[in-house]
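model_16.cif (mmCIF, C-alpha atoms)
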```cif
data_work
loop_
_atom_site.group_PDB
_atom_site.id
_atom_site.type_symbol
_atom_site.label_atom_id
_atom_site.label_comp_id
_atom_site.auth_asym_id
_atom_site.auth_seq_id
_atom_site.Cartn_x
_atom_site.Cartn_y
_atom_site.Cartn_z
ATOM 1 C CA MET V 1 85.287 55.796 -14.577
ATOM 2 C CA SER V 2 81.596 55.225 -15.127
ATOM 3 C CA VAL V 3 79.494 57.878 -16.840
ATOM 4 C CA GLN V 4 76.287 58.799 -15.089
ATOM 5 C CA PRO V 5 73.283 58.930 -17.409
ATOM 6 C CA VAL V 6 71.716 62.334 -17.914
ATOM 7 C CA PRO V 7 68.138 62.318 -16.556
ATOM 8 C CA PRO V 8 65.530 63.125 -19.193
ATOM 9 C CA ALA V 9 64.119 66.629 -19.187
ATOM 10 C CA GLN V 10 60.722 67.015 -17.574
ATOM 11 C CA PRO V 11 57.974 67.436 -20.182
ATOM 12 C CA ALA V 12 56.414 70.881 -20.388
ATOM 13 C CA LEU V 13 53.023 71.217 -18.733
ATOM 14 C CA PRO V 14 50.011 71.571 -21.040
ATOM 15 C CA PHE V 15 48.517 74.917 -22.070
ATOM 16 C CA LEU V 16 44.727 75.000 -21.643
ATOM 17 C CA VAL V 17 42.594 77.286 -23.836
ATOM 18 C CA GLY V 18 38.969 78.104 -23.081
ATOM 19 C CA PHE V 19 37.263 78.274 -26.495
ATOM 20 C CA ASP V 20 33.673 79.289 -27.291
ATOM 21 C CA GLY V 21 33.885 80.030 -31.008
ATOM 22 C CA SER V 22 34.118 83.816 -30.607
ATOM 23 C CA SER V 23 36.802 85.866 -32.342
ATOM 24 C CA ARG V 24 38.425 86.603 -28.976
ATOM 25 C CA SER V 25 38.747 82.938 -28.082
ATOM 26 C CA LEU V 26 40.105 82.214 -31.567
ATOM 27 C CA ALA V 27 42.796 84.859 -31.006
ATOM 28 C CA ALA V 28 43.578 83.227 -27.664
ATOM 29 C CA ALA V 29 43.836 79.763 -29.238
ATOM 30 C CA ARG V 30 46.181 80.963 -31.977
ATOM 31 C CA TRP V 31 48.328 82.874 -29.484
ATOM 32 C CA ALA V 32 48.481 79.840 -27.201
ATOM 33 C CA ALA V 33 49.433 77.569 -30.095
ATOM 34 C CA ARG V 34 52.445 79.739 -30.948
ATOM 35 C CA GLU V 35 53.509 79.820 -27.317
ATOM 36 C CA ALA V 36 52.953 76.110 -26.699
ATOM 37 C CA ARG V 37 54.993 75.227 -29.790
ATOM 38 C CA ALA V 38 57.843 77.480 -28.622
ATOM 39 C CA ALA V 39 57.740 75.943 -25.140
ATOM 40 C CA GLY V 40 57.439 72.365 -26.368
ATOM 41 C CA ALA V 41 54.143 72.028 -24.501
ATOM 42 C CA PRO V 42 50.967 70.255 -25.611
ATOM 43 C CA LEU V 43 47.849 72.344 -26.214
ATOM 44 C CA ARG V 44 44.372 71.466 -24.952
ATOM 45 C CA LEU V 45 41.272 73.193 -26.359
ATOM 46 C CA LEU V 46 38.267 73.156 -24.030
ATOM 47 C CA HIS V 47 34.675 74.124 -24.748
ATOM 48 C CA VAL V 48 32.294 74.399 -21.802
ATOM 49 C CA GLY V 49 28.590 74.229 -22.601
ATOM 50 C CA GLN V 50 25.363 74.315 -20.670
ATOM 51 C CA ALA V 51 24.321 71.070 -19.009
ATOM 52 C CA TRP V 52 20.956 69.769 -20.217
ATOM 53 C CA PRO V 53 18.765 67.075 -18.658
ATOM 54 C CA THR V 54 18.253 63.786 -20.494
ATOM 55 C CA VAL V 55 14.847 63.616 -22.193
ATOM 56 C CA GLN V 56 12.935 60.765 -23.811
ATOM 57 C CA PRO V 57 11.325 61.219 -27.268
ATOM 58 C CA ILE V 58 7.562 61.658 -27.007
ATOM 59 C CA SER V 59 7.041 59.920 -30.381
ATOM 60 C CA PRO V 60 9.141 58.136 -33.043
ATOM 61 C CA GLU V 61 8.980 61.307 -35.151
ATOM 62 C CA PHE V 62 10.417 63.478 -32.376
ATOM 63 C CA GLN V 63 13.906 64.692 -33.234
ATOM 64 C CA PRO V 64 15.698 65.718 -30.048
ATOM 65 C CA VAL V 65 17.808 68.860 -30.406
ATOM 66 C CA LEU V 66 19.445 68.690 -27.027
ATOM 67 C CA GLY V 67 23.053 67.809 -27.531
ATOM 68 C CA ALA V 68 23.220 69.423 -30.965
ATOM 69 C CA SER V 69 25.215 72.304 -29.553
ATOM 70 C CA GLU V 70 27.777 69.884 -28.136
ATOM 71 C CA LEU V 71 28.115 68.155 -31.505
ATOM 72 C CA ALA V 72 28.658 71.542 -33.140
ATOM 73 C CA ALA V 73 31.271 72.423 -30.527
ATOM 74 C CA VAL V 74 33.116 69.154 -31.131
ATOM 75 C CA ALA V 75 33.153 69.816 -34.879
ATOM 76 C CA VAL V 76 34.496 73.356 -34.425
ATOM 77 C CA LEU V 77 37.137 72.212 -31.946
ATOM 78 C CA SER V 78 38.247 69.458 -34.302
ATOM 79 C CA SER V 79 38.561 71.896 -37.206
ATOM 80 C CA LEU V 80 40.532 74.373 -35.109
ATOM 81 C CA ALA V 81 42.825 71.651 -33.820
ATOM 82 C CA GLU V 82 43.643 70.632 -37.395
ATOM 83 C CA GLU V 83 44.369 74.263 -38.300
ATOM 84 C CA LEU V 84 46.736 74.684 -35.367
ATOM 85 C CA ARG V 85 48.551 71.406 -36.030
ATOM 86 C CA ALA V 86 49.084 72.422 -39.661
ATOM 87 C CA ALA V 87 50.336 75.888 -38.682
ATOM 88 C CA HIS V 88 52.710 74.599 -35.988
ATOM 89 C CA GLN V 89 54.378 71.383 -37.065
ATOM 90 C CA GLY V 90 54.980 69.039 -34.157
ATOM 91 C CA LEU V 91 52.429 70.695 -31.870
ATOM 92 C CA THR V 92 50.239 68.243 -29.972
ATOM 93 C CA VAL V 93 46.637 69.506 -29.839
ATOM 94 C CA GLU V 94 43.874 67.805 -27.861
ATOM 95 C CA THR V 95 40.225 68.789 -27.592
ATOM 96 C CA ALA V 96 37.681 68.353 -24.832
ATOM 97 C CA THR V 97 34.181 69.466 -23.881
ATOM 98 C CA ALA V 98 32.603 69.905 -20.475
ATOM 99 C CA GLU V 99 29.213 70.850 -19.083
ATOM 100 C CA GLY V 100 28.512 73.458 -16.468
ATOM 101 C CA GLY V 101 29.619 76.980 -15.688
ATOM 102 C CA PRO V 102 32.845 77.867 -17.522
ATOM 103 C CA GLY V 103 34.086 79.982 -14.619
ATOM 104 C CA ASN V 104 34.237 76.842 -12.493
ATOM 105 C CA GLU V 105 34.861 74.175 -15.110
ATOM 106 C CA ILE V 106 37.936 75.761 -16.698
ATOM 107 C CA PRO V 107 39.972 75.786 -13.445
ATOM 108 C CA ARG V 108 38.798 72.234 -12.702
ATOM 109 C CA ALA V 109 39.875 71.074 -16.152
ATOM 110 C CA ALA V 110 43.223 72.813 -15.697
ATOM 111 C CA ALA V 111 43.746 70.974 -12.412
ATOM 112 C CA ARG V 112 42.819 67.608 -13.941
ATOM 113 C CA ALA V 113 45.184 68.171 -16.871
ATOM 114 C CA ASN V 114 47.952 69.514 -14.603
ATOM 115 C CA ALA V 115 48.057 72.542 -16.891
ATOM 116 C CA GLY V 116 50.864 75.038 -16.510
ATOM 117 C CA LEU V 117 48.995 77.913 -18.157
ATOM 118 C CA ILE V 118 45.409 78.904 -18.945
ATOM 119 C CA VAL V 119 44.795 81.133 -21.968
ATOM 120 C CA LEU V 120 41.506 82.986 -22.496
ATOM 121 C CA GLY V 121 40.122 85.740 -24.661
ATOM 122 C CA ALA V 122 40.003 88.986 -22.719
ATOM 123 C CA SER V 123 36.370 89.769 -23.507
ATOM 124 C CA GLY V 124 33.455 87.908 -24.974
ATOM 125 C CA ASP V 125 31.288 88.273 -28.046
ATOM 126 C CA GLU V 126 27.889 89.511 -26.875
ATOM 127 C CA ARG V 127 26.237 87.928 -29.934
ATOM 128 C CA HIS V 128 27.294 84.464 -28.843
ATOM 129 C CA VAL V 129 24.463 82.361 -27.454
ATOM 130 C CA VAL V 130 26.337 81.238 -24.354
ATOM 131 C CA PRO V 131 29.236 83.644 -23.719
ATOM 132 C CA LEU V 132 32.248 81.848 -22.291
ATOM 133 C CA LEU V 133 34.658 84.720 -21.968
ATOM 134 C CA GLY V 134 34.544 88.293 -20.697
ATOM 135 C CA SER V 135 33.399 88.102 -17.068
ATOM 136 C CA THR V 136 34.227 84.401 -17.129
ATOM 137 C CA ALA V 137 37.827 85.163 -18.062
ATOM 138 C CA LEU V 138 38.116 87.526 -15.108
ATOM 139 C CA HIS V 139 36.466 84.954 -12.835
ATOM 140 C CA VAL V 140 38.968 82.273 -13.891
ATOM 141 C CA ALA V 141 41.940 84.633 -13.692
ATOM 142 C CA GLY V 142 40.962 85.702 -10.204
ATOM 143 C CA ARG V 143 40.765 82.174 -8.827
ATOM 144 C CA SER V 144 43.159 80.029 -10.811
ATOM 145 C CA GLU V 145 46.079 78.386 -9.042
ATOM 146 C CA VAL V 146 48.182 78.610 -12.219
ATOM 147 C CA PRO V 147 49.089 81.624 -14.383
ATOM 148 C CA VAL V 148 46.360 82.913 -16.690
ATOM 149 C CA VAL V 149 47.007 84.871 -19.886
ATOM 150 C CA LEU V 150 44.228 87.079 -21.265
ATOM 151 C CA VAL V 151 44.528 87.791 -24.995
ATOM 152 C CA ARG V 152 42.741 90.765 -26.535
ATOM 153 C CA GLU V 153 44.696 91.292 -29.757
ATOM 154 C CA PRO V 154 43.227 90.336 -33.151
ATOM 155 C CA ALA V 155 44.020 86.769 -34.097
ATOM 156 C CA GLU V 156 46.178 87.801 -37.056
ATOM 157 C CA ARG V 157 48.361 90.229 -35.121
ATOM 158 C CA ALA V 158 51.950 89.091 -34.698
ATOM 159 C CA PRO V 159 54.066 89.672 -31.569
ATOM 160 C CA HIS V 160 55.613 93.142 -31.355
ATOM 161 C CA GLY V 161 59.105 92.054 -30.400
ATOM 162 C CA HIS V 162 59.372 95.017 -28.020
ATOM 163 C CA GLY V 163 59.738 93.099 -24.784
ATOM 164 C CA VAL V 164 58.089 92.083 -21.548
ATOM 165 C CA VAL V 165 56.736 94.588 -19.023
ATOM 166 C CA VAL V 166 56.265 93.399 -15.446
ATOM 167 C CA GLY V 167 54.605 95.346 -12.657
ATOM 168 C CA VAL V 168 56.490 94.931 -9.386
ATOM 169 C CA ASP V 169 55.899 95.970 -5.793
ATOM 170 C CA PRO V 170 59.344 95.342 -4.274
ATOM 171 C CA GLU V 171 57.835 95.265 -0.770
ATOM 172 C CA GLY V 172 55.575 92.333 -1.675
ATOM 173 C CA ASP V 173 56.214 88.670 -2.404
ATOM 174 C CA TYR V 174 56.848 89.047 -6.133
ATOM 175 C CA ALA V 175 59.356 86.253 -6.737
ATOM 176 C CA ALA V 176 56.890 84.136 -8.748
ATOM 177 C CA VAL V 177 55.817 87.152 -10.831
ATOM 178 C CA LEU V 178 59.367 88.161 -11.714
ATOM 179 C CA ASP V 179 60.380 84.575 -12.398
ATOM 180 C CA PHE V 180 57.503 84.119 -14.869
ATOM 181 C CA ALA V 181 58.353 87.391 -16.624
ATOM 182 C CA TYR V 182 62.056 86.560 -16.839
ATOM 183 C CA ALA V 183 61.419 83.023 -18.091
ATOM 184 C CA TRP V 184 59.078 84.279 -20.807
ATOM 185 C CA ALA V 185 61.553 86.981 -21.854
ATOM 186 C CA ALA V 186 64.411 84.469 -21.937
ATOM 187 C CA GLU V 187 62.428 81.994 -24.025
ATOM 188 C CA HIS V 188 61.653 84.700 -26.605
ATOM 189 C CA ALA V 189 65.024 86.510 -26.470
ATOM 190 C CA LEU V 190 63.315 89.733 -25.381
ATOM 191 C CA PRO V 191 64.279 92.488 -22.942
ATOM 192 C CA LEU V 192 62.442 92.967 -19.666
ATOM 193 C CA ARG V 193 61.163 96.239 -18.208
ATOM 194 C CA ALA V 194 60.256 96.165 -14.516
ATOM 195 C CA VAL V 195 57.878 98.934 -13.435
ATOM 196 C CA HIS V 196 57.050 100.088 -9.929
ATOM 197 C CA VAL V 197 54.360 102.709 -9.383
ATOM 198 C CA GLY V 198 54.735 104.689 -6.183
ATOM 199 C CA PRO V 199 56.926 107.043 -4.180
ATOM 200 C CA ALA V 200 59.663 104.547 -3.327
ATOM 201 C CA GLY V 201 63.148 105.113 -4.710
ATOM 202 C CA PRO V 202 64.741 102.828 -7.295
ATOM 203 C CA GLU V 203 66.905 100.791 -4.889
ATOM 204 C CA PRO V 204 64.283 98.260 -3.660
ATOM 205 C CA LEU V 205 63.051 97.612 -7.195
ATOM 206 C CA GLU V 206 66.555 97.190 -8.570
ATOM 207 C CA ALA V 207 67.425 94.773 -5.764
ATOM 208 C CA ALA V 208 64.336 92.628 -6.390
ATOM 209 C CA VAL V 209 64.951 92.548 -10.133
ATOM 210 C CA ALA V 210 68.652 91.763 -9.720
ATOM 211 C CA GLU V 211 67.872 88.815 -7.453
ATOM 212 C CA ALA V 212 65.428 87.311 -9.947
ATOM 213 C CA GLY V 213 67.602 88.184 -12.929
ATOM 214 C CA ALA V 214 70.571 86.247 -11.587
ATOM 215 C CA ARG V 215 68.918 83.091 -12.964
ATOM 216 C CA TYR V 216 68.524 84.682 -16.418
ATOM 217 C CA PRO V 217 71.825 86.425 -17.182
ATOM 218 C CA ASN V 218 71.067 86.716 -20.900
ATOM 219 C CA VAL V 219 67.919 88.820 -20.411
ATOM 220 C CA PRO V 220 68.598 92.577 -20.537
ATOM 221 C CA ALA V 221 66.517 94.329 -17.895
ATOM 222 C CA GLU V 222 65.764 97.873 -16.843
ATOM 223 C CA CYS V 223 63.878 99.279 -13.854
ATOM 224 C CA VAL V 224 61.428 102.176 -13.950
ATOM 225 C CA THR V 225 59.726 103.898 -11.019
ATOM 226 C CA ARG V 226 56.828 106.182 -11.921
ATOM 227 C CA PRO V 227 54.220 108.105 -9.926
ATOM 228 C CA GLY V 228 50.529 107.929 -10.670
ATOM 229 C CA ASP V 229 47.753 105.376 -10.842
ATOM 230 C CA ALA V 230 49.221 101.885 -11.086
ATOM 231 C CA ALA V 231 46.793 100.575 -13.716
ATOM 232 C CA HIS V 232 47.177 103.610 -15.963
ATOM 233 C CA VAL V 233 50.955 103.509 -15.731
ATOM 234 C CA LEU V 234 51.178 99.766 -16.487
ATOM 235 C CA VAL V 235 48.792 99.981 -19.442
ATOM 236 C CA ASP V 236 50.826 102.898 -20.805
ATOM 237 C CA GLU V 237 54.142 101.095 -20.298
ATOM 238 C CA ALA V 238 52.829 97.985 -22.059
ATOM 239 C CA ALA V 239 51.322 99.797 -25.062
ATOM 240 C CA THR V 240 53.757 98.109 -27.480
ATOM 241 C CA ALA V 241 54.900 95.202 -25.310
ATOM 242 C CA ASP V 242 54.623 91.539 -26.229
ATOM 243 C CA LEU V 243 53.361 90.682 -22.748
ATOM 244 C CA LEU V 244 52.354 92.504 -19.573
ATOM 245 C CA VAL V 245 52.908 90.487 -16.404
ATOM 246 C CA VAL V 246 51.197 91.406 -13.132
ATOM 247 C CA GLY V 247 50.714 89.622 -9.819
ATOM 248 C CA ARG V 248 47.411 88.471 -8.388
ATOM 249 C CA ARG V 249 47.258 87.590 -4.724
ATOM 250 C CA HIS V 250 45.838 84.245 -3.658
ATOM 251 C CA HIS V 251 42.507 84.055 -1.851
ATOM 252 C CA ARG V 252 41.209 87.561 -2.446
ATOM 253 C CA PRO V 253 37.498 88.004 -1.561
ATOM 254 C CA LEU V 254 34.745 88.772 -4.086
ATOM 255 C CA HIS V 255 35.915 88.287 -7.686
ATOM 256 C CA GLY V 256 39.445 87.330 -6.640
ATOM 257 C CA MET V 257 41.287 90.221 -8.297
ATOM 258 C CA GLY V 258 42.598 93.478 -6.907
ATOM 259 C CA PRO V 259 41.672 96.841 -8.452
ATOM 260 C CA THR V 260 44.948 97.198 -10.364
ATOM 261 C CA ASP V 261 45.033 93.779 -12.003
ATOM 262 C CA HIS V 262 41.289 94.019 -12.692
ATOM 263 C CA ALA V 263 41.710 97.373 -14.476
ATOM 264 C CA VAL V 264 44.807 96.196 -16.352
ATOM 265 C CA ALA V 265 43.001 93.068 -17.563
ATOM 266 C CA HIS V 266 40.210 95.248 -18.955
ATOM 267 C CA HIS V 267 42.275 97.953 -20.632
ATOM 268 C CA ALA V 268 45.694 96.633 -21.686
ATOM 269 C CA HIS V 269 46.113 96.105 -25.434
ATOM 270 C CA SER V 270 48.886 93.531 -25.030
ATOM 271 C CA PRO V 271 48.281 90.024 -23.687
ATOM 272 C CA VAL V 272 48.196 90.124 -19.876
ATOM 273 C CA ALA V 273 49.621 87.364 -17.683
ATOM 274 C CA LEU V 274 48.127 87.218 -14.185
ATOM 275 C CA ILE V 275 50.429 85.313 -11.837
ATOM 276 C CA PRO V 276 49.107 84.021 -8.484
ATOM 277 C CA HIS V 277 51.435 84.780 -5.580
ATOM 278 C CA GLY V 278 51.504 85.555 -1.872
#
```
Since I need it in another form, could you write the structure as structure tokens?
Amino acid sequence: MSVQPVPPAQPALPFLVGFDGSSRSLAAARWAAREARAAGAPLRLLHVGQAWPTVQPISPEFQPVLGASELAAVAVLSSLAEELRAAHQGLTVETATAEGGPGNEIPRAAARANAGLIVLGASGDERHVVPLLGSTALHVAGRSEVPVVLVREPAERAPHGHGVVVGVDPEGDYAAVLDFAYAWAAEHALPLRAVHVGPAGPEPLEAAVAEAGARYPNVPAECVTRPGDAAHVLVDEAATADLLVVGRRHHRPLHGMGPTDHAVAHHAHSPVALIPHG
């Protein structure tokens, strides 16, 4: 009897980090490095700077300064990449720069790299010359075709180990949201807490969670239905969570995010994963 060869496992998709040198983007890069190492995924650090026109020196003594910011960005990215490789043995870290608006260039870079996840700092540093994050992070999260994680915690803060909280509307198309939350919980050996905010009884939520959980039998899960404002409830539920997972519908008008996910992204203390669905 011949033995059929086992097909090789598919390589994990890259994690893309938008980095501008601020403390928030540094926290995002360090968080992403831990997660990429755990997932066996490569990490790509991207800096997006302003595009400048090409100029000719007006005299031999003229020292052009245009492009100096890009050289500085390359040096900082290189230093950070070395730090992350040293901290996470075996992690592949690549660096790249791009010109243009970061809100548009980050999703384009993610598409070119076939990234499976985008990681950004949740808010920018107002002292930075060209802020990359803050409103840009919300712009990217609202339009990305892949999950986006917004990291607000200080760079040195370790994971809580308290679990994954996922906001669920059992009447919506939340399969992708629950699957992401379950997969993340399974990878980190953490429990999952599914939260629905509204007047509905527990049965629809429990049914939706049970269907998704069938693929992750080792993840302990509980369901909670609470009244009140959805954003306030989710932020409260995730106060000590390792990750808060919420859905973001495709093709929303304006900034691309609904009021709940927009408020959660602003106010949650835990990292927030925004999962496109619907």
**Request:** Determine the residue set returned by the PyMOL selection byres ((chain V and resi 47) around 8) for the present structure, and present it as a list of chain:residue names.
**Result:**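 So the PyMOL selection byres ((chain V and resi 47) around 8), applied here, picks out V:Gly18, V:Phe19, V:Asp20, V:Leu45, V:Leu46, V:Val48, V:Gly49, V:Ala73, V:Leu77, V:Ala96, V:Thr97, V:Ala98.
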**Request:** Could you jot down the atom CA of Ala263 of chain V to atom CA of His232 of chain V separation for me, Å, one decimal place?
**Result:**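 Separating atom CA of Ala263 of chain V from atom CA of His232 of chain V is a distance of 8.4 Å.
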**Prompt:** If we count all atoms listed in the file, what is near Pro217 of chain V at a cut-off of 12 Å, once residues fewer than 2 positions away on the same chain are taken out, given as a list of chain:residue names?
**Reply:**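 With the cut-off at 12 Å, the set is V:Tyr182, V:Ala183, V:Ala185, V:Ala186, V:Ala189, V:Pro191, V:Leu192, V:Val209, V:Ala210, V:Glu211, V:Ala212, V:Gly213, V:Ala214, V:Arg215, V:Val219, V:Pro220, V:Ala221.
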**Asked** Residues at most 8 Å from Ala273 of chain V, counting all atoms listed in the file, excluding those fewer than 5 positions away in the same chain, as a list in words?
**Response**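 Here the qualifying residues turn out to be Pro147, Val148, Val149, Leu150, Leu243, Leu244, Val245 and Val246 of chain V.
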**Between atom CA of Val119 of chain V and atom CA of Thr260 of chain V, distance in Å (one decimal)** =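 Here the two named atoms are 19.8 Å from each other.
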**Item:** For Ala175 of chain V, the nearest of the candidates V:Ile275, V:Val17, V:Ala111, V:Val151, counting all atoms listed in the file
**Value:** V:Ile275
Evaluate the PyMOL selection byres ((chain V and resi 197) around 7) against this structure - the residues, as a PDB file with C-alpha atoms, in the coordinates of the input, please.
```
ATOM      1  CA  VAL V 195      57.878  98.934 -13.435  1.00  0.00           C
ATOM      2  CA  HIS V 196      57.050 100.088  -9.929  1.00  0.00           C
ATOM      3  CA  GLY V 198      54.735 104.689  -6.183  1.00  0.00           C
ATOM      4  CA  THR V 225      59.726 103.898 -11.019  1.00  0.00           C
ATOM      5  CA  ARG V 226      56.828 106.182 -11.921  1.00  0.00           C
ATOM      6  CA  PRO V 227      54.220 108.105  -9.926  1.00  0.00           C
ATOM      7  CA  GLY V 228      50.529 107.929 -10.670  1.00  0.00           C
ATOM      8  CA  ALA V 230      49.221 101.885 -11.086  1.00  0.00           C
TER       9      ALA V 230
END
```
**Asked** With distances taken over all atoms listed in the file, which of V:Leu274, V:Ala208, V:Leu117, V:Val140 is nearest to Glu171 of chain V?
**Response**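 Among V:Leu274, V:Ala208, V:Leu117, V:Val140, it is V:Ala208 that comes nearest to Glu171 of chain V.
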**Message:** Residues within 8 Å of Ser25 of chain V, please, as number ranges by chain. Count all atoms listed in the file; anything in the same chain fewer than 3 positions from it doesn't count.
**Reply:** V: 18-22, 28-29, 120-121, 124, 133
**Item:** d(atom CA of Val233 of chain V, atom CA of Asp261 of chain V) in Å
**Value:**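 Straight-line distance from atom CA of Val233 of chain V to atom CA of Asp261 of chain V works out to 12.0 Å.
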**Asked** Of the residues V:Ala265, V:Leu13, V:Ala113, V:Ala75, which is the one nearest to Arg248 of chain V, using all atoms listed in the file?
**Response** V:Ala265
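Candidate residues V:Ala122, V:Ala241, V:Cys223, V:Ala115 were compared for distance to Leu138 of chain V, and the nearest is V:Ala122, using all atoms listed in the file.
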**Message:** So that I can check the surroundings of Trp184 of chain V, please list as a count of residues only every protein, DNA and RNA residue that reaches within 8 Å of it, counting all atoms listed in the file and ignoring chain neighbours fewer than 4 positions away.
**Reply:** 3
**Request:** Show which residues sit within 8 Å of Val264 of chain V, as number ranges by chain. Count all atoms listed in the file, and ignore same-chain residues fewer than 4 positions away.
**Result:** V: 231-232, 234-235, 260, 268, 272
